[in-house]
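Okay, structure first, notes after.
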Amino acid sequence: MALDSKIPKGPLADKWTNHKNNINLVNPANKRLIDVIVVGTGLAGGSAAATLAELGYNVKAFCFQDSPRRAHSIAAQGGINAAKNYQGDGDSTYRLFYDTVKGGDYRSREANVYRLAEVSANIIDQCVAQGVPFAREYGGLLDNRSFGGVLVSRTFYAAGQTGQQLLLGAYSALNRQIGRGKVKMYNRHEMLDVVVVDGKARGIITRNLVTGEIERHSAHAVVLGTGGYGNVFFLSTNAMGSNVTAAWKAHKRGAYFANPCYTQIHPTCIPVSGDHQSKLTLMSESLRNDGRIWVPKHKKDVEAIRAGQLKPTQIAEEDRDYYLERRYPAFGNLVPRDVASRAAKERCDAGYGVNATGEAVYLDFAAAFMRYGKEVAHVRGLDENDDALVKKLGQEVVKTKYGNLFQMYEKIVDQNPYETPMMIYPAVHYTMGGIWVDYNLQTTVPGLYCIGEANFSDHGANRLGASALMQGLADGYFVLPYTIGDYLADDIRTGPISTDSPEFDEAEKSVRKNIEHLINNNGTHSVDHFHKRLGKIMWNKCGMARNAEDLKSAINEIAELRAEFWKDVRVPGTNDEFNEELAKALRVADFLELGELFAKDALLREESAGGHFREEYQTAEGEAMRIKEFQYVAAWEYKGEPKDAVLHKEDLVYENIEVKERSYK
Amino acid sequence: MNLTLKIWRQKNANDKGKMVDYPVTDVSPDMSFLEMLDVLNESLVQKNEEPVAFDHDCREGICGMCSLYINGEAHGPDRGITTCQLHMRMFKDGDTITIEPFRATAFPVIKDLVVDRSAFDRIQHAGGFISVNTSGNTIDANAIPINKHDADESFEAAMCIGCGACVASCKNSSAMLFVGAKVSQFALLPQGQVEATDRVLNMVKQMDEEGFGNCTNTGACEVECPKGISLENIARMNREYLKASLKG
Ligand SMILES: Cc1cc2nc3c(=O)[nH]c(=O)nc-3n(C[C@H](O)[C@H](O)[C@H](O)COP(=O)(O)OP(=O)(O)OC[C@H]3O[C@@H](n4cnc5c(N)ncnc54)[C@H](O)[C@@H]3O)c2cc1C
Ligand code: SF4
Ligand code: FES
């Protein structure tokens with residue numbers, strides 16, 4: 001099947017408005033006859049479910065946690081972008097569009113990104129109306145901060161808990177609809193398959209995580225807002241339950257999977273401390289507004305630090321290498337994530353890492369304490385030359401901005417980041433790749449939609465900070481509710497979809513077959529054992545720097561590991577009960593397939609773009625080298641084994657932006 | 001470190017349940033409490049025994065999913081954190097640690113340490129929202145300036161993660177801190193005024209129907225709340241409730 005991205009005709013700035021004017025609508029009385037399933041209640045799914053119900057559709061929503069409020073979006077820290085230009089610093093829809101396309105290293109679709117920038121301002125209005133308590137200035141207006149890769153201040157935030165506040169906003173909208181009976185919420189339910197009837201997505205199969213019951217749910221359309229697949233690396237900043245299962249099952253039922261190798265490795269995370277580690281913790285990018293990143297200039301200082309003979313605070317200013325400021329004077333500590341991560345890896349590989357494992361750099365707030373402190377001292381008429389006082393005042397300012405992050409750091413590392421610089425290292429954080437969707441957010445399976453991090457659409461090869469929250473809410477509140485109507489307009493006379501059909505029988509049978517296999521396998525190793533091994537292969541061979549040889553061996557190793565998993569995994573207990581090991585096993589089984597496609601995609605892409613860095617393709621200064629002939633989306637069609645997937649290309653055309661060497665110097 | 005764990009095991013909601021002892025060895029002080037349980041579970045799987053079920057997801061103190069009652073305290077001995085943020089450096093070699101679920105009539109046990117907190121969701125369905133459609137046809141976000149102090153206080157109330165530690169810590173299993181936090185978030189904002197009366201009446205009614213107990217002002221909830229939600233929120237809710245009742 002040829003890919004049709006269904007981008008509306010006309011000038012970029014008019015596309016969305018024209019499209020909305022021309023698509024089919026469903027009248028309010030008919031909406032009552034239509035059922036929609038929304039899987040996922042994060043920013044994308046939660047906002048979509050609430051809005052669809054408000055419009056009048058009957059919605060069934062699903063999440064695997066015990067409440068929709070716990071979706072992984074809750075963990076987002078730093079903020080959400082919007083082209084409001086409240087700071088009057090030259091921001092505009094075009095500039096947000098431009099920054100996002102450039103930040104994504106010219107690997108995203110112009111029309112989608114423009115629409116995202118266009119609806120962004122409205123998100124903030126909507127959230128404020130819902131009672132989301134964003135940070136404000138003394139005059140009572142909304143405050144902004146800066147994020148990486150841009151030169152304006154357009155990020156709205158609520159301390160270090162922006163995702164929490166936005167999700168609670170969407171959750172409240174969802175609660176209102178649950179209270180009205182327009183959304184039926186299924187908590188602790190895991191979607192294990194999509195059901196396709198006559199070529200259209202008509203339902204899902206779920207497992208009730210409390211009772212083990214396998215259930216059939218039908219609808220006229222199915223929306224997936226199931227998040228990213230960073231946990232294929234085992235260690236990531238994602239929540240423990242984040243998984244690829246819903247997306248992968250959709251892929252196996254015909255939805256193409258796009259750019260699986262585009263992964264964001266976030267530069268500021270707490271370094272790994274030992275083998276027992278179960279997840280990694282992010283220190284928000286917003287910290288790079290005020291923190292300066294450095295390693296010692298001299299190896300002897302590095303050694304003394306590692307041996308515990310020297311403290312970072314004892315190293316003189318001139319003996320520190322602020323390598324981002326040195327290499328990228330224009331953007332300094334606020335270069336995009338992919339650039340910052342590679343720069344940290346470069347220093348650590350060269351032997352300048354500052355902890356025992358050699359994989360850590362400093363994020364230092366000392367200068368920020370003094371800068372803020374002086375300002376406060378000045379305003380309050382206190383002694384600006386009293387360093388101790390100034391530092392204390394500055395620490396208080398920093399505490400109001402990032403208090404929860406500093407506390408999180410201290411609890412994990414057992415060091416006080418107000419007194420000594422934080423230690424950070426890159427970690428897997430976000431996946432730009434995902435299910436391929438057209439302009440309407442519809443996958444290659446009619447009636448199956450994909451929104452939020454689970455789709456591939458807006459961030460190209462690298463996502464800018466504070467843009468995922470924006471995308472999730474844009475998709476869910478403002479895009480999908482329109483575009484899905486165009487499809488559902490044909491379904492007003494269809495009537496309820498029966499779950500009593502050969503397609504539902506077959507899907508349920510295949511789910512049960514896998515579960516029975518796992519439960520009765522009686523192997524020798526736990527699920528985590530396999531997940532950790534997969535993670536090691538991914539991190540070592542498909543991580544921050546990749547090359548053809550490693551990728552080829554990764555493909556084979558993952559396939560072997562998968563075979564071993566099915567033969568040798570041990571899942572205790574039964575299906576008919578709360579069984580966390582079984583739930584994990586079903587997720588890891590899918591990661592073991594996705595991982596192989598991931599490596600295959602990375603091998604195909606003989607260029608470096610954004611988060612995808614191929615050692616063979618770099619400039620003399622070690623920067624990513626994009627190659628023109630790869631200016632396309634790689635969308636994979638499932639054909640049995642992951643390595644047999646068939647490639648479909650969507651060429652990326654840039655008519656409104658000049659494709660340039662991405663420079664942050 | 002070597003430790004003895006005394007863990008509540010309960011097969012399902014109908015099982016009676018009992019405490020079971022598990023020795024654990026070689027625990028590193030840098031491990032989180034849940035990672036220590038991961039290690040225990042890994043060894044149970046190896047022995048073909050059933051791992052201990054517990055709720056968790058984000059493992060960074062924000063989703064509110066983790067919920068253990070450790071040595072008689074919700075979220076364990078440290079302050080201002082959730083169970084997933086608790087680290088083993090808070091314990092000593094040779095310690096015995098008791099681990100139980102969050103107990104309350106309104107939070108029935110599902111299995112082992114996992115409880116059903118859907119009562120909290122139902123309270124939110126009753127009124128934890130501002131009735132504004134998500135059409136996008138709202139006024140500009142900066143059209144209503146909000147006093148920074150009120151905005152910050154509203155945010156502090158909104159930081160509640162819905163974990164239920166307040167209920168588990170309260171001898172009456174009262175949910176006043178949780179409900180008070182939500183009522184306060186909206187009561188402090190101009191957007192929340194329109195529905196203030198119905199909101200507080202409906203949420204309190206639902207809270208009572210779910211079987212949460214009364215508040216007798218012991219303040220245990222505030223001490224154990226991982227997000228520092230203050231008792232002031234309960235007082236504010238009481239004022240709102242009184243105001244609303246007088247209006248009828
Ligand atoms: C630590 C951290 C900090 C971040 N900070 C920021 C930030 O400051 N700014 C920013 O813009 N972005 C940030 N991000 C990224 C952003 O949070 C996510 O990309 C975004 O929230 C994803 O939202 P979502 O709705 O697509 O998915 P999620 O919020 O991940 O929700 C997924 C939903 O799907 C459900 N689900 C998944 N699989 C299944 C299944 N098989 N069956 C049933 N249900 C299922 C889950 O229960 C959940 O409800 C951060 C990410 C992390 C990890
Ligand atoms: S008030 Fe505190 S203890 Fe109670 S649910 Fe909220 S965060 Fe948890
Ligand atoms: S697991 Fe999310 S708060 Fe503990």
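By order in the structure tokens, chains are A, B, ...; within a chain, residues start at 1; ligands start at 1, following the order shown.
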Which neighbours of stretch 209-221 of chain B fall inside 6 Å, counting only C-alpha atoms, when residues of the same chain fewer than 4 positions from it are skipped, and could you give them as a PyMOL selection string? chain B and resi 106+166+169-170+172-174+225
Kindly export the residues of the current selection with N, CA and C atoms, as a short mmCIF file (atom, residue, chain, number, x, y, z; two decimals), in the first residue's frame.
data_model
loop_
_atom_site.label_atom_id
_atom_site.label_comp_id
_atom_site.auth_asym_id
_atom_site.auth_seq_id
_atom_site.Cartn_x
_atom_site.Cartn_y
_atom_site.Cartn_z
N ALA B 106 -12.49 1.71 53.10
CA ALA B 106 -12.75 2.18 51.74
C ALA B 106 -11.67 1.74 50.75
N CYS B 166 -2.74 9.61 53.60
CA CYS B 166 -3.48 10.34 54.64
C CYS B 166 -4.55 9.43 55.26
N SER B 169 -2.99 6.66 57.38
CA SER B 169 -2.37 7.12 58.63
C SER B 169 -3.40 7.54 59.67
N CYS B 170 -4.61 7.75 59.23
CA CYS B 170 -5.62 8.32 60.12
C CYS B 170 -6.32 7.21 60.89
N ASN B 172 -9.17 7.22 62.00
CA ASN B 172 -10.56 7.15 61.54
C ASN B 172 -10.67 6.86 60.05
N SER B 173 -9.55 6.65 59.39
CA SER B 173 -9.54 6.48 57.92
C SER B 173 -10.28 7.62 57.24
N SER B 174 -9.98 8.82 57.63
CA SER B 174 -10.63 9.97 57.02
C SER B 174 -9.90 10.39 55.75
N CYS B 225 1.87 12.77 54.87
CA CYS B 225 1.62 13.11 53.47
C CYS B 225 2.95 13.37 52.76
#
Within 6 Å of ligand 2, counting only C-alpha atoms and all ligand atoms, residues as an MDAnalysis selection string: chainID B and resid 160:166 177:178 225:227 229
Pick from B:Met176, B:Met31, B:Ala187, B:Met19, whichever lies nearest to B:Ala151 using only C-alpha atoms: B:Ala187
Interface list for chain B, partner chain A, 7 Å threshold, only C-alpha atoms, as a PyMOL selection string: chain B and resi 31+35+42+45+48-50+57-60+62-65+85+124-126+128-130+132+134+136+138-142+145-148+151+154-155+186+191-192
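From atom CA of A:Gly78 back to atom 5 (N, counted along the ligand's line) of ligand 1, the distance works out to 5.5 Å.
The shortest atom-to-atom distance to ligand 3, with only C-alpha atoms and all ligand atoms taken into account, belongs to B:Thr82 out of B:Asn238, B:Thr98, B:Asn137, B:Thr82.
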Skip A:Ala219 itself and residues of its chain fewer than 5 positions away, then list as a tab-separated table (two decimals) with all heavy atoms, in the first residue's frame all residues within 10 Å of it, counting only C-alpha atoms.
chain	number	residue	atom	x	y	z
A	34	ILE	N	-22.64	6.40	18.25
A	34	ILE	CA	-21.30	5.97	17.89
A	34	ILE	C	-20.43	5.76	19.11
A	34	ILE	O	-20.39	6.58	20.02
A	34	ILE	CB	-20.67	6.99	16.92
A	34	ILE	CG1	-21.44	6.92	15.60
A	34	ILE	CG2	-19.19	6.72	16.71
A	34	ILE	CD1	-20.93	7.84	14.54
A	35	ASP	N	-19.73	4.63	19.12
A	35	ASP	CA	-18.85	4.29	20.24
A	35	ASP	C	-17.39	4.45	19.82
A	35	ASP	O	-17.02	4.07	18.72
A	35	ASP	CB	-19.04	2.82	20.64
A	35	ASP	CG	-20.50	2.50	20.92
A	35	ASP	OD1	-21.19	3.38	21.47
A	35	ASP	OD2	-20.94	1.38	20.56
A	36	VAL	N	-16.61	5.00	20.71
A	36	VAL	CA	-15.17	5.13	20.45
A	36	VAL	C	-14.41	4.56	21.64
A	36	VAL	O	-14.73	4.84	22.80
A	36	VAL	CB	-14.77	6.61	20.25
A	36	VAL	CG1	-13.29	6.72	19.92
A	36	VAL	CG2	-15.59	7.26	19.15
A	37	ILE	N	-13.38	3.77	21.33
A	37	ILE	CA	-12.50	3.25	22.38
A	37	ILE	C	-11.25	4.11	22.41
A	37	ILE	O	-10.65	4.38	21.38
A	37	ILE	CB	-12.12	1.78	22.06
A	37	ILE	CG1	-13.29	0.85	22.39
A	37	ILE	CG2	-10.86	1.36	22.83
A	37	ILE	CD1	-13.07	-0.59	21.97
A	38	VAL	N	-10.87	4.55	23.59
A	38	VAL	CA	-9.61	5.28	23.74
A	38	VAL	C	-8.73	4.49	24.70
A	38	VAL	O	-9.11	4.28	25.86
A	38	VAL	CB	-9.82	6.71	24.29
A	38	VAL	CG1	-8.49	7.43	24.44
A	38	VAL	CG2	-10.75	7.51	23.38
A	58	ASN	N	-20.04	8.01	22.61
A	58	ASN	CA	-19.94	7.13	23.78
A	58	ASN	C	-18.52	6.62	23.85
A	58	ASN	O	-18.06	5.96	22.93
A	58	ASN	CB	-20.87	5.91	23.65
A	58	ASN	CG	-22.27	6.36	23.31
A	58	ASN	OD1	-22.82	7.22	23.97
A	58	ASN	ND2	-22.82	5.80	22.23
A	59	VAL	N	-17.85	6.92	24.93
A	59	VAL	CA	-16.43	6.59	25.01
A	59	VAL	C	-16.18	5.51	26.06
A	59	VAL	O	-16.76	5.53	27.14
A	59	VAL	CB	-15.62	7.86	25.37
A	59	VAL	CG1	-14.14	7.52	25.53
A	59	VAL	CG2	-15.81	8.93	24.30
A	60	LYS	N	-15.31	4.57	25.68
A	60	LYS	CA	-14.79	3.62	26.66
A	60	LYS	C	-13.31	3.91	26.75
A	60	LYS	O	-12.62	3.90	25.73
A	60	LYS	CB	-14.94	2.19	26.15
A	60	LYS	CG	-16.33	1.62	26.19
A	60	LYS	CD	-16.21	0.17	25.72
A	60	LYS	CE	-17.51	-0.58	25.87
A	60	LYS	NZ	-17.32	-2.01	25.55
A	195	VAL	N	-8.81	-5.51	17.19
A	195	VAL	CA	-9.61	-6.38	16.34
A	195	VAL	C	-9.99	-5.63	15.07
A	195	VAL	O	-10.54	-4.54	15.13
A	195	VAL	CB	-10.89	-6.85	17.07
A	195	VAL	CG1	-11.67	-7.84	16.20
A	195	VAL	CG2	-10.52	-7.48	18.40
A	201	ALA	N	-10.70	-1.05	12.06
A	201	ALA	CA	-10.51	-1.34	13.48
A	201	ALA	C	-11.86	-1.24	14.18
A	201	ALA	O	-12.53	-0.21	14.11
A	201	ALA	CB	-9.54	-0.33	14.09
A	202	ARG	N	-12.27	-2.32	14.82
A	202	ARG	CA	-13.60	-2.35	15.43
A	202	ARG	C	-13.59	-2.75	16.90
A	202	ARG	O	-14.65	-2.97	17.49
A	202	ARG	CB	-14.51	-3.31	14.67
A	202	ARG	CG	-14.87	-2.85	13.26
A	202	ARG	CD	-15.63	-1.53	13.27
A	202	ARG	NE	-16.35	-1.33	12.02
A	202	ARG	CZ	-16.96	-0.18	11.68
A	202	ARG	NH1	-16.91	0.87	12.50
A	202	ARG	NH2	-17.60	-0.07	10.54
A	203	GLY	N	-12.42	-2.90	17.46
A	203	GLY	CA	-12.44	-3.26	18.88
A	203	GLY	C	-11.08	-3.66	19.39
A	203	GLY	O	-10.07	-3.59	18.66
A	204	ILE	N	-11.07	-4.04	20.65
A	204	ILE	CA	-9.82	-4.49	21.28
A	204	ILE	C	-10.10	-5.67	22.20
A	204	ILE	O	-11.24	-5.92	22.59
A	204	ILE	CB	-9.16	-3.36	22.12
A	204	ILE	CG1	-10.09	-2.88	23.24
A	204	ILE	CG2	-8.76	-2.18	21.24
A	204	ILE	CD1	-9.44	-1.90	24.21
A	447	GLY	N	-9.92	3.58	10.75
A	447	GLY	CA	-10.61	3.54	12.03
A	447	GLY	C	-9.69	3.37	13.23
A	447	GLY	O	-10.14	3.38	14.36
A	495	GLY	N	-24.83	0.98	13.42
A	495	GLY	CA	-25.34	0.32	14.62
A	495	GLY	C	-24.21	-0.25	15.45
A	495	GLY	O	-23.05	-0.22	15.02
A	496	PRO	N	-24.55	-0.76	16.65
A	496	PRO	CA	-23.50	-1.27	17.53
A	496	PRO	C	-22.69	-2.38	16.86
A	496	PRO	O	-23.25	-3.17	16.09
A	496	PRO	CB	-24.27	-1.83	18.73
A	496	PRO	CG	-25.63	-1.25	18.63
A	496	PRO	CD	-25.89	-0.92	17.20
A	497	ILE	N	-21.42	-2.44	17.16
A	497	ILE	CA	-20.55	-3.47	16.59
A	497	ILE	C	-20.61	-4.70	17.50
A	497	ILE	O	-20.40	-4.59	18.70
A	497	ILE	CB	-19.09	-2.98	16.51
A	497	ILE	CG1	-18.99	-1.63	15.77
A	497	ILE	CG2	-18.18	-4.04	15.90
A	497	ILE	CD1	-19.26	-1.69	14.30
A	498	SER	N	-20.90	-5.83	16.91
A	498	SER	CA	-21.00	-7.05	17.72
A	498	SER	C	-19.61	-7.58	18.06
A	498	SER	O	-18.68	-7.46	17.27
A	498	SER	CB	-21.76	-8.11	16.92
A	498	SER	OG	-21.56	-9.36	17.52
A	499	THR	N	-19.48	-8.15	19.27
A	499	THR	CA	-18.20	-8.78	19.61
A	499	THR	C	-18.25	-10.27	19.29
A	499	THR	O	-17.31	-11.01	19.56
A	499	THR	CB	-17.87	-8.62	21.11
A	499	THR	OG1	-18.96	-9.15	21.86
A	499	THR	CG2	-17.63	-7.18	21.47
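Considering the residues B:Asp38, B:Glu240, B:Asp55, B:Glu195 and counting only C-alpha atoms and all ligand atoms, ligand 3 has its shortest atom-to-atom contact with B:Asp55.
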Please identify the strand (DSSP E or B) residues within stretch 8-153 of chain A (assignment by DSSP from backbone atoms) and present them as an MDAnalysis selection string. chainID A and resid 35:39 58:62 80:81 136 142 145
To one decimal in Å, tell me the separation between atom CA of A:Tyr439 and atom CA of A:Thr17.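 Separation of atom CA of A:Tyr439 and atom CA of A:Thr17: 13.1 Å.
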Pick out the closest residue to B:Asp152 from this set: B:Lys18, B:Leu188, B:Arg9, B:Phe107. Count only C-alpha atoms.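 Closest residue, counting only C-alpha atoms: B:Leu188.
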Between B:Phe33, B:Leu3, B:Ser135, B:Thr25, which is the closest to B:Pro77 once you count only C-alpha atoms?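 The closest residue to B:Pro77 is B:Phe33.
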Using only C-alpha atoms and all ligand atoms, which of B:Lys11, B:Met36, B:Leu189, B:Cys66 sits nearest ligand 3?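 Using only C-alpha atoms and all ligand atoms, ligand 3 sits closest to B:Cys66.
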Among stretch 203-350 of chain A, which ones does DSSP assign to helix (DSSP H, G or I) (computed from the backbone)? Answer as a ChimeraX atom specification. /A:230-233,245-252,285-289,299-306,312-314,317-319,323-327,332-334,337-349
Excluding same-chain residues fewer than 5 positions from stretch 615-617 of chain A, what lies within 7 Å of it counting only C-alpha atoms, as a VMD selection string? chain A and resid 545 to 547 607 to 608 624 to 625
Report, in Å with one decimal, the straight-line distance from atom CA of B:Thr96 to atom CA of B:Ala168. 21.2 Å
Residue neighbourhood B:Leu246, 12 Å, only C-alpha atoms, exclusion window fewer than 5 positions, as a list of chain:residue names: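 Everything that qualifies: B:Thr197, B:Leu201, B:Arg239, B:Glu240, B:Tyr241.
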